[in-house]
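Structure file entry_38.tsv; described as TSV, C-alpha atoms.
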chain	number	residue	atom	x	y	z
A	1	GLN	CA	120.32	126.39	84.90
A	2	VAL	CA	118.99	122.87	84.41
A	3	GLN	CA	121.10	119.76	84.00
A	4	LEU	CA	119.74	116.66	82.27
A	5	VAL	CA	121.23	113.17	82.37
A	6	GLU	CA	119.82	110.35	80.23
A	7	SER	CA	120.18	106.63	80.83
A	8	GLY	CA	118.72	103.38	79.59
A	9	GLY	CA	119.89	103.18	76.01
A	10	GLY	CA	121.40	100.06	74.51
A	11	LEU	CA	121.18	97.38	71.86
A	12	VAL	CA	117.91	95.55	71.34
A	13	GLN	CA	116.43	93.31	68.67
A	14	ALA	CA	113.57	94.47	66.51
A	15	GLY	CA	110.29	94.01	68.33
A	16	GLY	CA	111.93	94.50	71.70
A	17	SER	CA	111.52	97.20	74.32
A	18	LEU	CA	113.65	99.76	76.12
A	19	ARG	CA	112.95	102.35	78.77
A	20	LEU	CA	114.86	105.60	78.73
A	21	SER	CA	115.15	107.77	81.82
A	22	CYS	CA	116.13	111.42	82.19
A	23	ALA	CA	117.04	112.97	85.52
A	24	ALA	CA	116.73	116.73	85.83
A	25	SER	CA	118.56	118.80	88.42
A	26	GLY	CA	119.20	122.46	89.12
A	27	SER	CA	116.44	125.01	88.57
A	28	THR	CA	113.81	122.34	87.95
A	29	SER	CA	110.94	124.49	89.17
A	30	SER	CA	111.33	126.55	86.01
A	31	ILE	CA	110.69	123.60	83.71
A	32	ASN	CA	107.47	123.65	81.72
A	33	THR	CA	107.72	121.01	79.02
A	34	MET	CA	110.02	118.03	78.81
A	35	ALA	CA	110.63	116.06	75.67
A	36	TRP	CA	112.61	113.36	73.94
A	37	TYR	CA	114.32	114.01	70.63
A	38	ARG	CA	116.39	111.69	68.50
A	39	GLN	CA	119.03	112.04	65.84
A	40	ALA	CA	119.99	109.27	63.47
A	41	PRO	CA	123.26	109.35	61.51
A	42	GLY	CA	123.05	111.81	58.64
A	43	LYS	CA	119.64	113.08	59.71
A	44	GLN	CA	118.34	116.11	61.55
A	45	ARG	CA	117.34	115.92	65.17
A	46	GLU	CA	113.59	115.24	65.43
A	47	LEU	CA	110.99	115.46	68.15
A	48	VAL	CA	109.84	112.07	69.40
A	49	ALA	CA	107.53	112.92	72.29
A	50	VAL	CA	106.72	115.86	74.54
A	51	ILE	CA	104.89	116.21	77.85
A	52	THR	CA	103.78	119.43	79.46
A	53	ARG	CA	103.73	120.30	83.15
A	54	GLY	CA	100.00	119.64	83.04
A	55	GLY	CA	100.50	116.17	81.57
A	56	THR	CA	99.49	116.78	77.95
A	57	ARG	CA	101.39	114.44	75.65
A	58	ASN	CA	102.19	114.60	71.96
A	59	TYR	CA	104.05	112.12	69.79
A	60	ALA	CA	105.66	111.96	66.40
A	61	ASP	CA	103.49	109.99	64.00
A	62	SER	CA	106.26	107.44	63.58
A	63	VAL	CA	106.12	106.38	67.24
A	64	LYS	CA	102.43	106.75	68.10
A	65	GLY	CA	101.07	103.61	69.68
A	66	ARG	CA	104.57	102.27	70.40
A	67	PHE	CA	106.22	104.87	72.64
A	68	THR	CA	104.93	106.41	75.86
A	69	ILE	CA	106.34	109.48	77.57
A	70	SER	CA	105.76	109.99	81.27
A	71	ARG	CA	106.93	112.40	83.92
A	72	ASP	CA	107.37	112.24	87.67
A	73	ALA	CA	107.63	115.86	88.73
A	74	ALA	CA	108.15	114.92	92.37
A	75	ILE	CA	111.55	113.42	91.59
A	76	ASN	CA	112.29	115.45	88.44
A	77	MET	CA	112.31	112.47	86.11
A	78	VAL	CA	110.96	111.91	82.62
A	79	TYR	CA	110.76	108.53	80.93
A	80	LEU	CA	110.31	107.15	77.45
A	81	GLU	CA	108.89	103.64	77.26
A	82	MET	CA	109.65	102.24	73.81
A	83	ASN	CA	107.93	99.09	72.60
A	84	SER	CA	107.83	97.24	69.28
A	85	LEU	CA	111.13	98.82	68.37
A	86	LYS	CA	112.16	98.96	64.73
A	87	PRO	CA	115.59	99.33	63.13
A	88	GLU	CA	114.55	102.82	62.01
A	89	ASP	CA	114.29	103.81	65.68
A	90	THR	CA	118.07	103.56	65.90
A	91	ALA	CA	119.41	106.96	66.95
A	92	VAL	CA	120.91	108.96	69.75
A	93	TYR	CA	118.05	109.98	72.02
A	94	TYR	CA	118.23	113.32	73.80
A	95	CYS	CA	116.27	114.61	76.76
A	96	ASN	CA	115.07	118.19	76.45
A	97	ALA	CA	113.61	120.66	78.94
A	98	GLU	CA	112.04	124.01	78.23
A	99	PRO	CA	111.23	126.60	80.90
A	100	TRP	CA	108.42	129.12	80.95
A	101	PRO	CA	108.84	131.61	79.41
A	102	PRO	CA	110.74	129.59	76.76
A	103	THR	CA	113.85	131.74	76.73
A	104	ARG	CA	116.14	128.76	76.13
A	105	GLN	CA	116.25	125.01	75.99
A	106	TYR	CA	118.29	122.51	77.95
A	107	TRP	CA	119.70	119.28	76.54
A	108	GLY	CA	121.17	116.11	77.93
A	109	GLN	CA	124.25	114.43	76.51
A	110	GLY	CA	122.25	111.77	74.70
A	111	THR	CA	121.96	108.00	74.94
A	112	GLN	CA	122.41	105.59	72.05
A	113	VAL	CA	119.59	103.26	71.06
A	114	THR	CA	120.40	100.61	68.48
A	115	VAL	CA	117.75	98.26	67.12
A	116	SER	CA	119.02	95.28	65.18
A	117	SER	CA	116.96	93.56	62.50
How does the structure come out when it is put into structure tokens?
Amino acid sequence: QVQLVESGGGLVQAGGSLRLSCAASGSTSSINTMAWYRQAPGKQRELVAVITRGGTRNYADSVKGRFTISRDAAINMVYLEMNSLKPEDTAVYYCNAEPWPPTRQYWGQGTQVTVSS
């Protein structure tokens, strides 16, 4: 089992920045990829950014050039640096971890990010 706890959400004006953190605990040696997803009201949950154990990163087109995902495996943390925030970035952001083999996924409880115009 893996437990994930997010922090760092809040209210920010458009153009501002936030840094989300996710702390993983439990069977962390099983984790392969870690990712951030988000879900806005009335919309489906969507992938924002993903980072593999080897450090390969991928981003949703909507956040490329503005968001950066990073991972510190030594302390079981993953971060999402969000810059140039837009009102459409408003959502609950969830941390996700996937083991290898990908038999299941683990989710955090989510952290709210609100960007005012």
Check: Which residues, written as a list in words, have at least one atom at most 12 Å from Ser116 (chain A), with all atoms listed in the file counted and residues fewer than 5 positions away on the same chain left out?
Finding: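 The residues satisfying every condition are Gly10, Leu11, Val12, Gln13, Ala14, Gly15, Gly16, Ser17, Leu85, Lys86, Pro87, Glu88, Asp89, Thr90 and Ala91 of chain A.
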Item checked: Selection: 10 Å around Arg57 (chain A), all atoms listed in the file, excl. self and same-chain fewer than 6 positions, as a ChimeraX atom specification -> /A:33-35,49-51,68-70
Margin query: Just checking: using all atoms listed in the file, which residue out of A:Glu98, A:Glu6, A:Asp72, A:Asp61 ends up closest to Val113 (chain A)?
Written below: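 For Val113 (chain A), the nearest of the given residues is A:Glu6.
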Item checked: Contacts of Ser25 (chain A) within 8 Å, only C-alpha atoms, excl. fewer than 6 positions in-chain, as a list in words ->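 The filter keeps Val2, Gln3, Leu4 and Asn76 of chain A.
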Notebook entry, point to check: With distances taken over only C-alpha atoms, which of A:Ser84, A:Glu46, A:Thr52, A:Tyr93 is nearest to Lys64 (chain A)?
Noted result: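 Comparing A:Ser84, A:Glu46, A:Thr52, A:Tyr93 against Lys64 (chain A), the winner is A:Ser84.
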Can I get a file of region 23-48 of chain A from the given structure, N, CA and C atoms kept, as a PDB file, in the first residue's frame?
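Contents of part.pdb, as written:
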ATOM      1  N   ALA A  23       3.601  13.984  -0.592  1.00  0.00           N
ATOM      2  CA  ALA A  23       4.443  13.095   0.192  1.00  0.00           C
ATOM      3  C   ALA A  23       3.915  11.676   0.100  1.00  0.00           C
ATOM      4  N   ALA A  24       4.781  10.762  -0.287  1.00  0.00           N
ATOM      5  CA  ALA A  24       4.402   9.360  -0.398  1.00  0.00           C
ATOM      6  C   ALA A  24       4.972   8.590   0.786  1.00  0.00           C
ATOM      7  N   SER A  25       4.196   7.642   1.278  1.00  0.00           N
ATOM      8  CA  SER A  25       4.658   6.772   2.365  1.00  0.00           C
ATOM      9  C   SER A  25       4.110   5.373   2.136  1.00  0.00           C
ATOM     10  N   GLY A  26       4.634   4.418   2.888  1.00  0.00           N
ATOM     11  CA  GLY A  26       4.221   3.033   2.730  1.00  0.00           C
ATOM     12  C   GLY A  26       5.187   2.293   1.818  1.00  0.00           C
ATOM     13  N   SER A  27       4.662   1.522   0.907  1.00  0.00           N
ATOM     14  CA  SER A  27       5.473   0.704  -0.001  1.00  0.00           C
ATOM     15  C   SER A  27       6.005   1.541  -1.159  1.00  0.00           C
ATOM     16  N   THR A  28       6.788   2.545  -0.843  1.00  0.00           N
ATOM     17  CA  THR A  28       7.228   3.500  -1.873  1.00  0.00           C
ATOM     18  C   THR A  28       8.225   2.890  -2.853  1.00  0.00           C
ATOM     19  N   SER A  29       8.882   1.818  -2.477  1.00  0.00           N
ATOM     20  CA  SER A  29       9.841   1.205  -3.399  1.00  0.00           C
ATOM     21  C   SER A  29       9.154   0.593  -4.606  1.00  0.00           C
ATOM     22  N   SER A  30       7.853   0.388  -4.499  1.00  0.00           N
ATOM     23  CA  SER A  30       7.100  -0.190  -5.617  1.00  0.00           C
ATOM     24  C   SER A  30       6.687   0.842  -6.647  1.00  0.00           C
ATOM     25  N   ILE A  31       6.824   2.128  -6.316  1.00  0.00           N
ATOM     26  CA  ILE A  31       6.324   3.178  -7.200  1.00  0.00           C
ATOM     27  C   ILE A  31       7.179   3.306  -8.450  1.00  0.00           C
ATOM     28  N   ASN A  32       6.511   3.346  -9.606  1.00  0.00           N
ATOM     29  CA  ASN A  32       7.205   3.587 -10.857  1.00  0.00           C
ATOM     30  C   ASN A  32       6.978   5.035 -11.302  1.00  0.00           C
ATOM     31  N   THR A  33       5.773   5.347 -11.706  1.00  0.00           N
ATOM     32  CA  THR A  33       5.482   6.715 -12.132  1.00  0.00           C
ATOM     33  C   THR A  33       4.697   7.450 -11.053  1.00  0.00           C
ATOM     34  N   MET A  34       4.902   8.758 -11.009  1.00  0.00           N
ATOM     35  CA  MET A  34       4.087   9.627 -10.181  1.00  0.00           C
ATOM     36  C   MET A  34       3.545  10.737 -11.062  1.00  0.00           C
ATOM     37  N   ALA A  35       2.384  11.209 -10.723  1.00  0.00           N
ATOM     38  CA  ALA A  35       1.722  12.161 -11.609  1.00  0.00           C
ATOM     39  C   ALA A  35       0.835  13.097 -10.812  1.00  0.00           C
ATOM     40  N   TRP A  36       0.475  14.190 -11.472  1.00  0.00           N
ATOM     41  CA  TRP A  36      -0.544  15.110 -10.976  1.00  0.00           C
ATOM     42  C   TRP A  36      -1.702  15.102 -11.951  1.00  0.00           C
ATOM     43  N   TYR A  37      -2.898  14.977 -11.415  1.00  0.00           N
ATOM     44  CA  TYR A  37      -4.139  15.102 -12.155  1.00  0.00           C
ATOM     45  C   TYR A  37      -4.916  16.278 -11.575  1.00  0.00           C
ATOM     46  N   ARG A  38      -5.905  16.721 -12.327  1.00  0.00           N
ATOM     47  CA  ARG A  38      -6.795  17.756 -11.790  1.00  0.00           C
ATOM     48  C   ARG A  38      -8.215  17.515 -12.266  1.00  0.00           C
ATOM     49  N   GLN A  39      -9.137  18.013 -11.467  1.00  0.00           N
ATOM     50  CA  GLN A  39     -10.551  17.886 -11.810  1.00  0.00           C
ATOM     51  C   GLN A  39     -11.254  19.184 -11.474  1.00  0.00           C
ATOM     52  N   ALA A  40     -11.763  19.824 -12.517  1.00  0.00           N
ATOM     53  CA  ALA A  40     -12.533  21.049 -12.339  1.00  0.00           C
ATOM     54  C   ALA A  40     -14.008  20.697 -12.176  1.00  0.00           C
ATOM     55  N   PRO A  41     -14.789  21.580 -11.578  1.00  0.00           N
ATOM     56  CA  PRO A  41     -16.219  21.290 -11.383  1.00  0.00           C
ATOM     57  C   PRO A  41     -16.915  20.956 -12.695  1.00  0.00           C
ATOM     58  N   GLY A  42     -17.629  19.848 -12.708  1.00  0.00           N
ATOM     59  CA  GLY A  42     -18.382  19.456 -13.890  1.00  0.00           C
ATOM     60  C   GLY A  42     -17.551  18.843 -14.999  1.00  0.00           C
ATOM     61  N   LYS A  43     -16.266  18.636 -14.739  1.00  0.00           N
ATOM     62  CA  LYS A  43     -15.388  18.072 -15.770  1.00  0.00           C
ATOM     63  C   LYS A  43     -14.752  16.776 -15.286  1.00  0.00           C
ATOM     64  N   GLN A  44     -14.251  16.010 -16.241  1.00  0.00           N
ATOM     65  CA  GLN A  44     -13.568  14.769 -15.893  1.00  0.00           C
ATOM     66  C   GLN A  44     -12.172  15.061 -15.366  1.00  0.00           C
ATOM     67  N   ARG A  45     -11.669  14.135 -14.557  1.00  0.00           N
ATOM     68  CA  ARG A  45     -10.316  14.252 -14.077  1.00  0.00           C
ATOM     69  C   ARG A  45      -9.358  14.117 -15.267  1.00  0.00           C
ATOM     70  N   GLU A  46      -8.336  14.972 -15.325  1.00  0.00           N
ATOM     71  CA  GLU A  46      -7.408  14.942 -16.443  1.00  0.00           C
ATOM     72  C   GLU A  46      -5.967  14.923 -15.955  1.00  0.00           C
ATOM     73  N   LEU A  47      -5.122  14.295 -16.757  1.00  0.00           N
ATOM     74  CA  LEU A  47      -3.700  14.243 -16.447  1.00  0.00           C
ATOM     75  C   LEU A  47      -3.073  15.607 -16.700  1.00  0.00           C
ATOM     76  N   VAL A  48      -2.288  16.072 -15.735  1.00  0.00           N
ATOM     77  CA  VAL A  48      -1.586  17.345 -15.872  1.00  0.00           C
ATOM     78  C   VAL A  48      -0.121  17.101 -16.215  1.00  0.00           C
TER      79      VAL A  48
END
